[in-house]
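Colleague: Take this structure, written in structure tokens, and hold onto it; I'll ask about it next.
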Amino acid sequence: MSTQIRVLLAKVGLDGHDRGVKVVARTLRDAGMDVVYSGLHRTPEEVVTAAVQEDVDILGVSLLSGVQMTVFPKIFALLRQHKVEDMIVVAGGVMPDEDVEELKRMGVAEVLLQDTPPQYIIETLTALVAARGPR
Amino acid sequence: MARPYIPSLDLIDPASKGETWAIARLISRAEAGVPEVREAIGQIYKRVGRAHVVGITGVPGSGKSTMVNRLVRRLLDDGLRVAVVAIDPSSPYSGGSILGDRIRMSDLVMHPNVFIRSMATRGAVGGMAHAALDVVDILDLAGFDKIIIETVGVGQDEVEIAKASHTTVVVSAPGLGDEIQAIKAGILEIADIHVVSKCDRSDANRTLTDIKMMLRDGVGGALTRGWAPPVIGTSSLDNEGFEELVAAFEQHLAKLDGAPGIERREQISIFRLRKAAEALMLEKLRTESDFETYGQRVAARQTDPYSAASAIVKHFSTET
């Protein structure tokens, strides 16, 4: 039985920088995960719909445009609406420290900022899925 | 925010009502090969068989995903519910994958009658994933009328898709080969419908002609008796040819439900059974055999590959 981790990596809104998220995608692939990439300029609705259909373990949202405090509340509301409150949400990109704390209070499991070593990303995601248990 | 494990049998009801989270969760368990899901698949199997399963295959870069995007739009216009299973390759080294077909279908995501699921091959050969047939049943249960399986970009002889789908579409793109490519055995033979994509390109006529000549020479079209595979040119850029393609689906489906078509449905079931048996045996092989121990002995030439394999197989065949 395979316990392969499935991840959706998403870019939301008017943010055209995807070099980082593509590097993360390859890193996770090379760690043996199935990675669905959303492409650029998606809406929160599109991202959550895709995450639900793909039934990913982890929804990773990469943001470099500073709209995290608008986007994440929407994402959590949509996840509840789709009855998938158990999905693990991880944020990545560049954001101020005070937002990081607020995001964690909101339910973001982990915020992985710039300069996070690839191995740390792999270990963090693997640990989050292990802590959640089978589903 | 963890929640208790929901038994697969309890997911059947919400999935049959079209609840996306339940459909998606059943698919994940089938894909992972969780033994617990098999009873649910068994129950689902007895309830389904209504959907039309269309396999779409072709070489990498032939335009499959973009074409599927247009095709699904056209089917939605008829009020149909459409599911797409898009298969991408797993890395042979890490086992991981990047599933990118969704990007080309992103304008379909928000349509309420569409469900798109990406799958990785996970070591399966033949262009399909092991669990693709279970996934088809789950989507059938959920009420999808058309289920489109898009294979990985294939080479010349990954032909399993034809054993798993009611109607197989082989996509060829202009500029990839000459008439000798078209008379080789393999993938071109399995088509119930030939599509030449990118017909906005000037060299598309040549490809259309090559395939028509191939059919005239009697290569291909053997899978559904009494059916002559049509050759349809499409352009995803100009949105052309899809009317004709959808009409060909319906003609082929009508043929399938006639007397010779019954055989095809039986063939699909036999393939299904074979796959299920393989899955059970492989699982036992993986979990109960010590390939590393035997492998070391083979490497040291203390034993040979056939004797070691025979010992492994004997071990698990006496176990049950």
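Scheme for the structure tokens: letters A, B, ... for chains in order shown; per-chain residue numbers from 1; ligand numbers from 1 in order shown.
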Do a neighbour search on B:Pro305 at 9 Å with only C-alpha atoms, toss out local chain neighbours closer than 3 positions, and write the hits as a PyMOL selection string.
Modeller: chain B and resi 294-295+298+308-310
Colleague: Output as a PyMOL selection string all residues of chain A that backbone DSSP marks as strand (DSSP E).
Modeller: chain A and resi 6-11+34-37+58-63+88-93+110-113
Colleague: Residues of chain A within 8 Å of chain B, counting only C-alpha atoms, what are they? List them as number ranges by chain.
Modeller: A: 1-4, 25-26, 28-39, 45-46, 49-50, 52-55, 82-86, 132, 134-135
Colleague: Could you check which of B:Phe291, B:Phe242, B:Trp227, B:Phe271 is closest to B:Val196, using only C-alpha atoms?
Modeller: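 Looking only at the distances to B:Val196, the closest residue turns out to be B:Phe242.
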Colleague: Check stretch 49-266 of chain B with DSSP on the backbone and list each residue it calls alpha helix (DSSP H), as a VMD selection string.
Modeller: chain B and resid 64 to 77 132 to 141 161 to 164 179 to 183 204 to 216 242 to 256 259 to 266
Colleague: Using atom CA of B:Ile190 and atom CA of B:Arg264 as the two end points, give the distance in Å to one decimal.
Modeller: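 Here the two named atoms are 12.5 Å from each other.
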Colleague: Applying 9 Å and only C-alpha atoms, which residues near A:Lys11 remain after dropping the ones on its own chain fewer than 2 positions away? List them as a short mmCIF file (atom, residue, chain, number, x, y, z; two decimals) with all heavy atoms, in the first residue's frame.
Modeller:
data_model
loop_
_atom_site.label_atom_id
_atom_site.label_comp_id
_atom_site.auth_asym_id
_atom_site.auth_seq_id
_atom_site.Cartn_x
_atom_site.Cartn_y
_atom_site.Cartn_z
N LEU A 9 0.30 22.71 -5.24
CA LEU A 9 1.00 23.98 -5.10
C LEU A 9 0.27 25.02 -5.93
O LEU A 9 0.02 24.80 -7.13
CB LEU A 9 2.45 23.86 -5.56
CG LEU A 9 3.36 23.00 -4.67
CD1 LEU A 9 4.77 22.95 -5.25
CD2 LEU A 9 3.39 23.52 -3.24
N GLY A 13 -3.87 34.94 -7.40
CA GLY A 13 -3.95 36.38 -7.65
C GLY A 13 -2.92 36.91 -8.62
O GLY A 13 -2.33 36.17 -9.40
N LEU A 14 -2.68 38.19 -8.53
CA LEU A 14 -1.82 38.88 -9.49
C LEU A 14 -0.36 38.77 -9.08
O LEU A 14 0.26 39.74 -8.67
CB LEU A 14 -2.23 40.35 -9.61
CG LEU A 14 -3.63 40.59 -10.19
CD1 LEU A 14 -3.97 42.06 -10.10
CD2 LEU A 14 -3.70 40.10 -11.62
N ASP A 15 0.15 37.58 -9.15
CA ASP A 15 1.52 37.33 -8.71
C ASP A 15 2.16 36.47 -9.79
O ASP A 15 1.79 35.33 -9.97
CB ASP A 15 1.49 36.62 -7.35
CG ASP A 15 2.86 36.18 -6.87
OD1 ASP A 15 3.85 36.39 -7.59
OD2 ASP A 15 2.93 35.62 -5.76
N GLY A 16 3.07 37.04 -10.52
CA GLY A 16 3.61 36.35 -11.68
C GLY A 16 4.93 35.65 -11.41
O GLY A 16 5.58 35.17 -12.35
N HIS A 17 5.34 35.60 -10.14
CA HIS A 17 6.65 35.02 -9.85
C HIS A 17 6.50 33.55 -9.48
O HIS A 17 6.02 33.23 -8.41
CB HIS A 17 7.30 35.78 -8.68
CG HIS A 17 7.50 37.23 -8.99
ND1 HIS A 17 8.64 37.70 -9.60
CD2 HIS A 17 6.69 38.29 -8.80
CE1 HIS A 17 8.52 39.01 -9.76
NE2 HIS A 17 7.35 39.40 -9.29
N ASP A 18 6.91 32.67 -10.37
CA ASP A 18 6.72 31.26 -10.05
C ASP A 18 8.01 30.45 -10.08
O ASP A 18 7.97 29.23 -10.03
CB ASP A 18 5.65 30.63 -10.95
CG ASP A 18 6.03 30.63 -12.42
OD1 ASP A 18 7.06 31.26 -12.77
OD2 ASP A 18 5.31 30.02 -13.22
N VAL A 21 8.10 28.56 -6.67
CA VAL A 21 7.15 27.47 -6.49
C VAL A 21 7.52 26.28 -7.38
O VAL A 21 7.33 25.12 -7.02
CB VAL A 21 5.69 27.95 -6.72
CG1 VAL A 21 5.35 28.09 -8.18
CG2 VAL A 21 4.71 27.05 -6.02
N TYR A 37 0.47 21.14 -9.84
CA TYR A 37 0.75 22.58 -9.87
C TYR A 37 -0.41 23.30 -10.55
O TYR A 37 -0.88 22.87 -11.60
CB TYR A 37 2.07 22.84 -10.61
CG TYR A 37 2.36 24.32 -10.77
CD1 TYR A 37 2.28 25.17 -9.67
CD2 TYR A 37 2.69 24.86 -11.99
CE1 TYR A 37 2.52 26.53 -9.81
CE2 TYR A 37 2.94 26.22 -12.14
CZ TYR A 37 2.84 27.06 -11.05
OH TYR A 37 3.07 28.41 -11.19
N SER A 38 -0.87 24.38 -9.94
CA SER A 38 -2.09 25.05 -10.41
C SER A 38 -1.85 25.96 -11.59
O SER A 38 -2.77 26.28 -12.33
CB SER A 38 -2.68 25.89 -9.27
OG SER A 38 -1.87 27.05 -9.07
N GLY A 39 -0.61 26.41 -11.79
CA GLY A 39 -0.39 27.48 -12.75
C GLY A 39 -0.62 28.82 -12.07
O GLY A 39 -1.06 28.89 -10.92
N LEU A 40 -0.33 29.87 -12.82
CA LEU A 40 -0.40 31.23 -12.26
C LEU A 40 -1.82 31.80 -12.25
O LEU A 40 -2.70 31.32 -12.96
CB LEU A 40 0.48 32.17 -13.08
CG LEU A 40 2.00 32.00 -12.95
CD1 LEU A 40 2.71 32.75 -14.07
CD2 LEU A 40 2.47 32.48 -11.58
N HIS A 41 -2.00 32.85 -11.44
CA HIS A 41 -3.20 33.72 -11.48
C HIS A 41 -4.50 32.99 -11.17
O HIS A 41 -5.51 33.20 -11.83
CB HIS A 41 -3.32 34.41 -12.85
CG HIS A 41 -2.07 35.08 -13.29
ND1 HIS A 41 -1.36 35.94 -12.49
CD2 HIS A 41 -1.38 35.00 -14.45
CE1 HIS A 41 -0.30 36.37 -13.15
NE2 HIS A 41 -0.28 35.81 -14.33
N ARG A 42 -4.48 32.11 -10.20
CA ARG A 42 -5.72 31.42 -9.86
C ARG A 42 -6.48 32.20 -8.78
O ARG A 42 -5.89 32.96 -8.01
CB ARG A 42 -5.41 30.01 -9.34
CG ARG A 42 -4.62 29.16 -10.32
CD ARG A 42 -5.54 28.36 -11.22
NE ARG A 42 -6.05 29.13 -12.32
CZ ARG A 42 -5.45 29.22 -13.52
NH1 ARG A 42 -4.33 28.59 -13.76
NH2 ARG A 42 -6.00 29.94 -14.47
N THR A 43 -7.80 31.97 -8.72
CA THR A 43 -8.59 32.56 -7.64
C THR A 43 -8.63 31.57 -6.48
O THR A 43 -8.40 30.37 -6.68
CB THR A 43 -10.04 32.82 -8.10
OG1 THR A 43 -10.66 31.56 -8.38
CG2 THR A 43 -10.08 33.69 -9.35
N VAL A 47 -8.55 27.37 -6.66
CA VAL A 47 -7.54 26.60 -5.94
C VAL A 47 -8.19 25.58 -5.01
O VAL A 47 -7.81 24.41 -4.98
CB VAL A 47 -6.63 27.57 -5.15
CG1 VAL A 47 -5.81 26.81 -4.12
CG2 VAL A 47 -5.73 28.33 -6.10
N GLY A 60 -0.55 23.89 -0.64
CA GLY A 60 0.52 24.86 -0.43
C GLY A 60 0.26 26.09 -1.28
O GLY A 60 0.12 25.99 -2.50
N VAL A 61 0.14 27.25 -0.64
CA VAL A 61 -0.13 28.48 -1.38
C VAL A 61 1.09 29.37 -1.33
O VAL A 61 1.56 29.73 -0.26
CB VAL A 61 -1.36 29.21 -0.81
CG1 VAL A 61 -1.65 30.46 -1.63
CG2 VAL A 61 -2.57 28.30 -0.81
N SER A 62 1.60 29.70 -2.50
CA SER A 62 2.79 30.55 -2.60
C SER A 62 2.36 31.97 -2.92
O SER A 62 1.61 32.21 -3.86
CB SER A 62 3.69 30.01 -3.71
OG SER A 62 4.55 31.03 -4.17
N LEU A 63 2.81 32.90 -2.10
CA LEU A 63 2.43 34.30 -2.30
C LEU A 63 3.64 35.20 -2.16
O LEU A 63 4.37 35.14 -1.17
CB LEU A 63 1.41 34.73 -1.24
CG LEU A 63 -0.04 34.29 -1.45
CD1 LEU A 63 -0.85 34.62 -0.21
CD2 LEU A 63 -0.65 34.97 -2.66
#
Colleague: Looking at only C-alpha atoms, which of B:Val85, B:Ala162, B:Cys199, B:Leu9 is the one that sits closest to B:Gly241?
Modeller: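 Nearest candidate to B:Gly241 out of B:Val85, B:Ala162, B:Cys199, B:Leu9: B:Cys199.
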